[in-house]
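**Q** Let me give you the structure first, and then I'll get to my questions.
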Amino acid sequence: QEQLVESGGGSVQAGGSLRLSCVASISTGTRGCMAWFRQAPGKKREGVAAIDSYGDRAYAESVSGRFTISRDVAKNTLYLQMNSLKPEDTAMYYCAAAQSWYMTAVQALGVFVEGNFYWGQGTQVTVST
């Protein structure tokens with residue numbers, strides 16, 4: 001079982017910034033398609049940002065221009081820099097690693113299939129007004 005451990009969540013006022021980190025096990029690495037998802041109470045899990053093995057990135061429209069996904073392969077770590085946070089960004093954020101090496105970033109944010117990914121436990125982000 002692959003392991004993904006998120007950190008960096010917390011509480012912040014609207015307009016603030018947070019950086020999430022996700023450390024992957026050595027066997028997982030971060031060279032394949034990796035993504036961040038989020039789930040707010042009472043809502044479905046949604047894709048936020050993804051980066052694939054080709055280096056391409058994709059973002060949900062709601063976060064485009066505010067969030068940036070990146071990775072440090074040497075450290076087996078995936079990041080999500082979140083700027084200009086809004087109350088509607090409040091959610092549990094999950095790191096995910098695609099089980100298929102060939103998944104693209106666009107595909108990762110497409111039709112949601114939980115079984116297509118390995119998952120972390122999540123880190124809570126709360127944005128207040």
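The chains in the structure tokens are called A, B, ... from first to last as shown; in each chain the residues are counted from 1, and the ligands are counted from 1 in the order shown.
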Under the rule of at most 6 Å, produce a per-residue listing of segment 22-85 of chain A near segment 93-116 of chain A: chain, number, name, the closest pair of atoms, and the distance in Å, as CSV, using only C-alpha atoms.
**A**
```
residue,atom,partner,partner_atom,distance
A:Gly32,CA,A:Trp101,CA,5.2
A:Cys33,CA,A:Ala98,CA,5.4
A:Met34,CA,A:Ala97,CA,4.6
A:Ala35,CA,A:Ala96,CA,5.1
A:Trp36,CA,A:Cys95,CA,4.8
A:Phe37,CA,A:Tyr94,CA,5.1
A:Arg38,CA,A:Tyr93,CA,4.3
A:Gly47,CA,A:Leu109,CA,4.9
A:Ala50,CA,A:Ala105,CA,4.9
A:Ile51,CA,A:Ala105,CA,5.1
A:Asp52,CA,A:Ala105,CA,5.1
A:Arg57,CA,A:Ala105,CA,5.7
A:Ala58,CA,A:Ala105,CA,5.4
```
**Q** Export all heavy atoms of the chosen residues as a short mmCIF file (atom, residue, chain, number, x, y, z; two decimals), in the first residue's frame?
**A**
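What landed in again_2.cif:
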```cif
data_model
loop_
_atom_site.label_atom_id
_atom_site.label_comp_id
_atom_site.auth_asym_id
_atom_site.auth_seq_id
_atom_site.Cartn_x
_atom_site.Cartn_y
_atom_site.Cartn_z
N GLY A 32 4.98 10.23 -11.14
CA GLY A 32 3.80 10.00 -11.94
C GLY A 32 2.80 11.11 -11.76
O GLY A 32 3.12 12.20 -11.29
N CYS A 33 1.57 10.84 -12.11
CA CYS A 33 0.52 11.84 -11.97
C CYS A 33 0.13 11.98 -10.50
O CYS A 33 -0.25 11.00 -9.86
CB CYS A 33 -0.69 11.46 -12.81
SG CYS A 33 -2.01 12.69 -12.77
N MET A 34 0.23 13.18 -10.00
CA MET A 34 -0.14 13.48 -8.63
C MET A 34 -1.18 14.60 -8.64
O MET A 34 -1.17 15.46 -9.52
CB MET A 34 1.08 13.96 -7.82
CG MET A 34 2.24 12.99 -7.79
SD MET A 34 1.94 11.59 -6.74
CE MET A 34 1.86 12.36 -5.12
N ALA A 35 -2.02 14.60 -7.62
CA ALA A 35 -3.08 15.59 -7.62
C ALA A 35 -3.50 15.97 -6.21
O ALA A 35 -3.23 15.23 -5.25
CB ALA A 35 -4.29 15.07 -8.39
N TRP A 36 -4.15 17.10 -6.11
CA TRP A 36 -4.80 17.53 -4.88
C TRP A 36 -6.30 17.56 -5.13
O TRP A 36 -6.76 18.12 -6.15
CB TRP A 36 -4.33 18.92 -4.46
CG TRP A 36 -2.92 18.95 -3.95
CD1 TRP A 36 -1.81 19.26 -4.66
CD2 TRP A 36 -2.49 18.66 -2.62
NE1 TRP A 36 -0.70 19.18 -3.86
CE2 TRP A 36 -1.09 18.81 -2.59
CE3 TRP A 36 -3.15 18.28 -1.44
CZ2 TRP A 36 -0.33 18.61 -1.45
CZ3 TRP A 36 -2.39 18.07 -0.31
CH2 TRP A 36 -0.99 18.24 -0.31
N PHE A 37 -7.04 16.99 -4.21
CA PHE A 37 -8.50 17.04 -4.21
C PHE A 37 -8.95 17.70 -2.92
O PHE A 37 -8.20 17.81 -1.96
CB PHE A 37 -9.08 15.62 -4.29
CG PHE A 37 -8.89 14.95 -5.62
CD1 PHE A 37 -7.66 14.41 -5.97
CD2 PHE A 37 -9.94 14.84 -6.51
CE1 PHE A 37 -7.48 13.79 -7.19
CE2 PHE A 37 -9.76 14.20 -7.74
CZ PHE A 37 -8.54 13.68 -8.08
N ARG A 38 -10.20 18.11 -2.89
CA ARG A 38 -10.76 18.64 -1.65
C ARG A 38 -12.20 18.23 -1.53
O ARG A 38 -12.88 17.94 -2.52
CB ARG A 38 -10.64 20.17 -1.61
CG ARG A 38 -11.48 20.92 -2.63
CD ARG A 38 -11.18 22.41 -2.56
NE ARG A 38 -11.97 23.18 -3.51
CZ ARG A 38 -11.80 24.47 -3.76
NH1 ARG A 38 -10.84 25.15 -3.12
NH2 ARG A 38 -12.57 25.10 -4.63
N GLY A 47 -11.54 17.59 -7.80
CA GLY A 47 -10.15 17.81 -8.12
C GLY A 47 -9.82 19.29 -8.11
O GLY A 47 -10.61 20.11 -8.57
N ALA A 50 -3.51 19.20 -10.54
CA ALA A 50 -2.81 17.96 -10.86
C ALA A 50 -1.56 18.26 -11.66
O ALA A 50 -1.49 19.26 -12.38
CB ALA A 50 -3.72 17.00 -11.62
N ILE A 51 -0.58 17.37 -11.54
CA ILE A 51 0.64 17.44 -12.33
C ILE A 51 0.96 16.02 -12.76
O ILE A 51 0.84 15.08 -11.96
CB ILE A 51 1.80 18.08 -11.53
CG1 ILE A 51 3.05 18.22 -12.39
CG2 ILE A 51 2.09 17.31 -10.25
CD1 ILE A 51 4.14 19.09 -11.75
N ASP A 52 1.33 15.84 -14.03
CA ASP A 52 1.52 14.48 -14.51
C ASP A 52 2.98 14.17 -14.81
O ASP A 52 3.87 15.00 -14.59
CB ASP A 52 0.63 14.22 -15.74
CG ASP A 52 0.90 15.14 -16.90
OD1 ASP A 52 2.07 15.56 -17.08
OD2 ASP A 52 -0.05 15.44 -17.64
N ARG A 57 0.44 20.58 -16.07
CA ARG A 57 -0.39 20.89 -14.91
C ARG A 57 -1.81 21.22 -15.35
O ARG A 57 -2.04 21.68 -16.47
CB ARG A 57 0.19 22.09 -14.16
CG ARG A 57 1.52 21.83 -13.50
CD ARG A 57 2.15 23.13 -13.01
NE ARG A 57 3.33 22.91 -12.18
CZ ARG A 57 4.54 22.67 -12.64
NH1 ARG A 57 4.75 22.62 -13.94
NH2 ARG A 57 5.56 22.49 -11.81
N ALA A 58 -2.74 20.96 -14.45
CA ALA A 58 -4.14 21.31 -14.70
C ALA A 58 -4.74 21.81 -13.39
O ALA A 58 -4.34 21.36 -12.31
CB ALA A 58 -4.91 20.11 -15.22
#
```
**Q** Env of Thr90 of chain A: 9 Å cut, atoms = only C-alpha atoms, seq-sep filter 4 positions within chain, self excluded. Answer as a list in words.
**A**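 Those residues are Arg38, Gln39, Ala40, Leu85, Lys86, Gln124, Val125, Thr126, Val127 and Ser128 of chain A.
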**Q** Pull the closest atom pair for each residue of segment 32-109 of chain A that gets at most 7 Å from segment 20-26 of chain A, along with the distance in Å to one decimal, counting only C-alpha atoms, ordering rows by chain and then ascending residue number, as JSON lines.
**A**
```
{"residue": "A:Asn76", "atom": "CA", "partner": "A:Ala24", "partner_atom": "CA", "distance": 5.4}
{"residue": "A:Thr77", "atom": "CA", "partner": "A:Val23", "partner_atom": "CA", "distance": 4.5}
{"residue": "A:Leu78", "atom": "CA", "partner": "A:Cys22", "partner_atom": "CA", "distance": 5.0}
{"residue": "A:Tyr79", "atom": "CA", "partner": "A:Ser21", "partner_atom": "CA", "distance": 4.6}
{"residue": "A:Leu80", "atom": "CA", "partner": "A:Leu20", "partner_atom": "CA", "distance": 5.0}
{"residue": "A:Gln81", "atom": "CA", "partner": "A:Leu20", "partner_atom": "CA", "distance": 6.4}
{"residue": "A:Cys95", "atom": "CA", "partner": "A:Cys22", "partner_atom": "CA", "distance": 6.3}
```
**Q** DSSP on the backbone: which residues in segment 31-107 of chain A end up as strand (DSSP E or B)? Give the answer as a ChimeraX atom specification.
**A** /A:34-39,46-51,57-59,67-72,77-82,91-98
**Q** Write out the residues from the selection above, keeping N, CA and C atoms, as an mmCIF file, in the first residue's frame.
**A**
```cif
data_model
loop_
_atom_site.group_PDB
_atom_site.id
_atom_site.type_symbol
_atom_site.label_atom_id
_atom_site.label_comp_id
_atom_site.auth_asym_id
_atom_site.auth_seq_id
_atom_site.Cartn_x
_atom_site.Cartn_y
_atom_site.Cartn_z
ATOM 1 N N MET A 34 0.231 13.177 -10.001
ATOM 2 C CA MET A 34 -0.142 13.485 -8.626
ATOM 3 C C MET A 34 -1.179 14.598 -8.641
ATOM 4 N N ALA A 35 -2.015 14.601 -7.618
ATOM 5 C CA ALA A 35 -3.084 15.593 -7.616
ATOM 6 C C ALA A 35 -3.501 15.965 -6.205
ATOM 7 N N TRP A 36 -4.150 17.098 -6.112
ATOM 8 C CA TRP A 36 -4.801 17.533 -4.880
ATOM 9 C C TRP A 36 -6.305 17.562 -5.132
ATOM 10 N N PHE A 37 -7.041 16.993 -4.206
ATOM 11 C CA PHE A 37 -8.496 17.040 -4.211
ATOM 12 C C PHE A 37 -8.952 17.704 -2.918
ATOM 13 N N ARG A 38 -10.200 18.109 -2.893
ATOM 14 C CA ARG A 38 -10.760 18.645 -1.654
ATOM 15 C C ARG A 38 -12.205 18.225 -1.525
ATOM 16 N N GLN A 39 -12.650 18.205 -0.280
ATOM 17 C CA GLN A 39 -14.044 17.846 -0.017
ATOM 18 C C GLN A 39 -14.553 18.686 1.138
ATOM 19 N N GLU A 46 -13.731 16.917 -5.049
ATOM 20 C CA GLU A 46 -13.454 17.513 -6.344
ATOM 21 C C GLU A 46 -11.957 17.693 -6.557
ATOM 22 N N GLY A 47 -11.544 17.589 -7.802
ATOM 23 C CA GLY A 47 -10.154 17.806 -8.123
ATOM 24 C C GLY A 47 -9.823 19.285 -8.106
ATOM 25 N N VAL A 48 -8.657 19.609 -7.575
ATOM 26 C CA VAL A 48 -8.226 20.996 -7.453
ATOM 27 C C VAL A 48 -7.074 21.294 -8.406
ATOM 28 N N ALA A 49 -6.063 20.442 -8.367
ATOM 29 C CA ALA A 49 -4.882 20.652 -9.200
ATOM 30 C C ALA A 49 -4.185 19.320 -9.412
ATOM 31 N N ALA A 50 -3.511 19.199 -10.543
ATOM 32 C CA ALA A 50 -2.809 17.958 -10.859
ATOM 33 C C ALA A 50 -1.556 18.256 -11.662
ATOM 34 N N ILE A 51 -0.578 17.367 -11.539
ATOM 35 C CA ILE A 51 0.636 17.444 -12.331
ATOM 36 C C ILE A 51 0.959 16.015 -12.760
ATOM 37 N N ARG A 57 0.440 20.579 -16.072
ATOM 38 C CA ARG A 57 -0.391 20.893 -14.908
ATOM 39 C C ARG A 57 -1.813 21.216 -15.353
ATOM 40 N N ALA A 58 -2.745 20.963 -14.454
ATOM 41 C CA ALA A 58 -4.139 21.312 -14.698
ATOM 42 C C ALA A 58 -4.737 21.808 -13.391
ATOM 43 N N TYR A 59 -5.666 22.749 -13.520
ATOM 44 C CA TYR A 59 -6.297 23.345 -12.340
ATOM 45 C C TYR A 59 -7.801 23.420 -12.535
ATOM 46 N N PHE A 67 -3.914 29.079 -7.081
ATOM 47 C CA PHE A 67 -3.209 27.917 -6.563
ATOM 48 C C PHE A 67 -2.139 27.478 -7.557
ATOM 49 N N THR A 68 -1.039 26.931 -7.014
ATOM 50 C CA THR A 68 0.033 26.405 -7.849
ATOM 51 C C THR A 68 0.478 25.051 -7.308
ATOM 52 N N ILE A 69 0.477 24.054 -8.188
ATOM 53 C CA ILE A 69 0.934 22.725 -7.809
ATOM 54 C C ILE A 69 2.380 22.564 -8.283
ATOM 55 N N SER A 70 3.191 21.925 -7.439
ATOM 56 C CA SER A 70 4.580 21.672 -7.806
ATOM 57 C C SER A 70 5.065 20.439 -7.065
ATOM 58 N N ARG A 71 6.238 19.970 -7.424
ATOM 59 C CA ARG A 71 6.779 18.796 -6.731
ATOM 60 C C ARG A 71 8.290 18.861 -6.712
ATOM 61 N N ASP A 72 8.844 18.218 -5.700
ATOM 62 C CA ASP A 72 10.286 18.037 -5.582
ATOM 63 C C ASP A 72 10.515 16.535 -5.612
ATOM 64 N N THR A 77 8.110 14.811 -2.601
ATOM 65 C CA THR A 77 7.130 15.706 -2.000
ATOM 66 C C THR A 77 6.362 16.489 -3.060
ATOM 67 N N LEU A 78 5.068 16.551 -2.857
ATOM 68 C CA LEU A 78 4.155 17.316 -3.699
ATOM 69 C C LEU A 78 3.684 18.520 -2.898
ATOM 70 N N TYR A 79 3.530 19.657 -3.561
ATOM 71 C CA TYR A 79 3.112 20.878 -2.879
ATOM 72 C C TYR A 79 1.872 21.479 -3.533
ATOM 73 N N LEU A 80 1.162 22.254 -2.733
ATOM 74 C CA LEU A 80 0.087 23.085 -3.270
ATOM 75 C C LEU A 80 0.183 24.440 -2.594
ATOM 76 N N GLN A 81 0.620 25.428 -3.339
ATOM 77 C CA GLN A 81 0.670 26.793 -2.839
ATOM 78 C C GLN A 81 -0.682 27.442 -3.093
ATOM 79 N N MET A 82 -1.317 27.907 -2.038
ATOM 80 C CA MET A 82 -2.652 28.476 -2.140
ATOM 81 C C MET A 82 -2.598 29.941 -1.717
ATOM 82 N N ALA A 91 -12.170 23.281 3.232
ATOM 83 C CA ALA A 91 -12.419 21.879 2.920
ATOM 84 C C ALA A 91 -11.299 21.031 3.509
ATOM 85 N N MET A 92 -11.506 19.724 3.464
ATOM 86 C CA MET A 92 -10.415 18.788 3.724
ATOM 87 C C MET A 92 -9.691 18.587 2.399
ATOM 88 N N TYR A 93 -8.390 18.758 2.412
ATOM 89 C CA TYR A 93 -7.589 18.614 1.203
ATOM 90 C C TYR A 93 -6.831 17.287 1.238
ATOM 91 N N TYR A 94 -6.925 16.565 0.121
ATOM 92 C CA TYR A 94 -6.321 15.246 0.012
ATOM 93 C C TYR A 94 -5.274 15.219 -1.087
ATOM 94 N N CYS A 95 -4.166 14.583 -0.787
ATOM 95 C CA CYS A 95 -3.143 14.300 -1.791
ATOM 96 C C CYS A 95 -3.480 12.951 -2.421
ATOM 97 N N ALA A 96 -3.253 12.839 -3.726
ATOM 98 C CA ALA A 96 -3.565 11.605 -4.425
ATOM 99 C C ALA A 96 -2.486 11.288 -5.445
ATOM 100 N N ALA A 97 -2.193 10.014 -5.576
ATOM 101 C CA ALA A 97 -1.248 9.533 -6.581
ATOM 102 C C ALA A 97 -1.977 8.590 -7.512
ATOM 103 N N ALA A 98 -1.940 8.891 -8.787
ATOM 104 C CA ALA A 98 -2.637 8.047 -9.758
ATOM 105 C C ALA A 98 -1.993 6.673 -9.809
#
```
**Q** Give me every alpha helix (DSSP H) residue in chain A, going by DSSP on the backbone, as a list in words.
**A**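 Checking each residue of chain A, the alpha helix (DSSP H) ones are Ala105, Val106, Gln107 and Ala108 of chain A.
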